[in-house]
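Right, one structure below, let's go through it.
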Amino acid sequence: MKRYNITVNGKAYDVAVEELEAGAAPAPVAAAPAPAAAAPAPAAAAAPVADGTKVSAPMPGTILDVKVSVGDTVSEGQAVAILEAMKMENDINSPCAGKVLSVNVNKGETVETGSIVCVIG
């Protein structure tokens, strides 16, 4: 059996491959994600999160635009970023009024559901 590290869409997988003889039935082997140290960490995950109200992505997608920067004052319901998901543009709105303490995403970055977009304090 041979082991390989394979990266698909930025996610690393540790895969074991078994060579089969003619007519032999394959043994089921599930691929498991590689340890986090083997995969490069996205910039947003490395950014520190300030205390305050976290604004998170409601669904996976790509950040098309970031409408705020650190230090900006926002009102409740104001768009802080635009997320493209399934060919639709979705505003990510601030759940509260306050000052932007951190911005954790960049334009063009892919995010998952629950990824912190920014923090409002």
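Chain labels run A, B, ... following the order of the structure tokens; each chain numbers its residues from 1, and ligands are numbered from 1 in the order shown.
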
Skip A:Ile82 itself and residues of its chain fewer than 3 positions away, then list as a list in words all residues within 9 Å of it, counting only C-alpha atoms. Thr62, Ile63, Leu64, Asp65, Val66, Lys67, Ala79, Glu89, Asn90, Asp91, Ile92 and Asn93 of chain A

Set the distance at 10 Å and use only C-alpha atoms: which residues neighbour A:Val74 once local chain neighbours fewer than 2 positions away are removed? I'd like the list as a list of chain:residue names.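 Counting only the stated atoms, we get A:Val68, A:Gly71, A:Asp72, A:Glu76, A:Gly77, A:Gln78, A:Ala79, A:Val80, A:Asn93, A:Ser94, A:Pro95, A:Cys96, A:Ala97, A:Gly98, A:Lys99, A:Val100, A:Ile120, A:Gly121.
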
I'd like to know which of A:Lys54, A:Lys107, A:Lys2, A:Lys87 is closest to A:Val17, using only C-alpha atoms. A:Lys2

Excluding A:Cys118 and residues on its chain fewer than 4 positions from it, collect all residues at most 6 Å away from it, counting only C-alpha atoms, and give them as a compact mmCIF listing (two decimals) with N, CA and C atoms, in the first residue's frame.
# COMPACT_ATOMS: atom_id res chain seq x y z
N VAL A 55 -19.75 39.02 12.47
CA VAL A 55 -20.61 38.93 11.29
C VAL A 55 -20.07 37.77 10.46
N SER A 102 -12.53 44.61 13.06
CA SER A 102 -11.64 43.84 12.20
C SER A 102 -12.39 43.39 10.95
N VAL A 103 -11.65 43.25 9.87
CA VAL A 103 -12.18 42.70 8.62
C VAL A 103 -11.35 41.46 8.35
N ASN A 104 -12.01 40.30 8.27
CA ASN A 104 -11.31 39.03 8.19
C ASN A 104 -11.34 38.37 6.82

What's the separation between atom CA of A:Gly108 and atom CA of A:Lys11, in Å to one decimal place?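 Calculated distance between atom CA of A:Gly108 and atom CA of A:Lys11 is 17.4 Å.
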
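Using only C-alpha atoms, the contacts of stretch 56-58 of chain A at a cut-off of 9 Å, with sequence neighbours closer than 4 positions omitted, comprise Leu83, Ile92, Val111, Glu112, Thr113, Gly114, Ser115, Ile116, Val117, Cys118 and Val119 of chain A.
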
Near-A:Arg3 list (8 Å; only C-alpha atoms; drop same-chain fewer than 4 positions) as a list of chain:residue names: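 Final neighbour list, sorted by chain and number: A:Asp14, A:Val15, A:Ala16, A:Val17.
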
So the first atom is atom CA of A:Asn5 and the second is atom CA of A:Met59; what is the distance between them in Å, to one decimal place?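 So the answer is 28.2 Å.
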
In Å, with one decimal, what is the gap from atom CA of A:Asn106 to atom CA of A:Asn9?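 Taking atom CA of A:Asn106 and atom CA of A:Asn9, their separation equals 17.9 Å.
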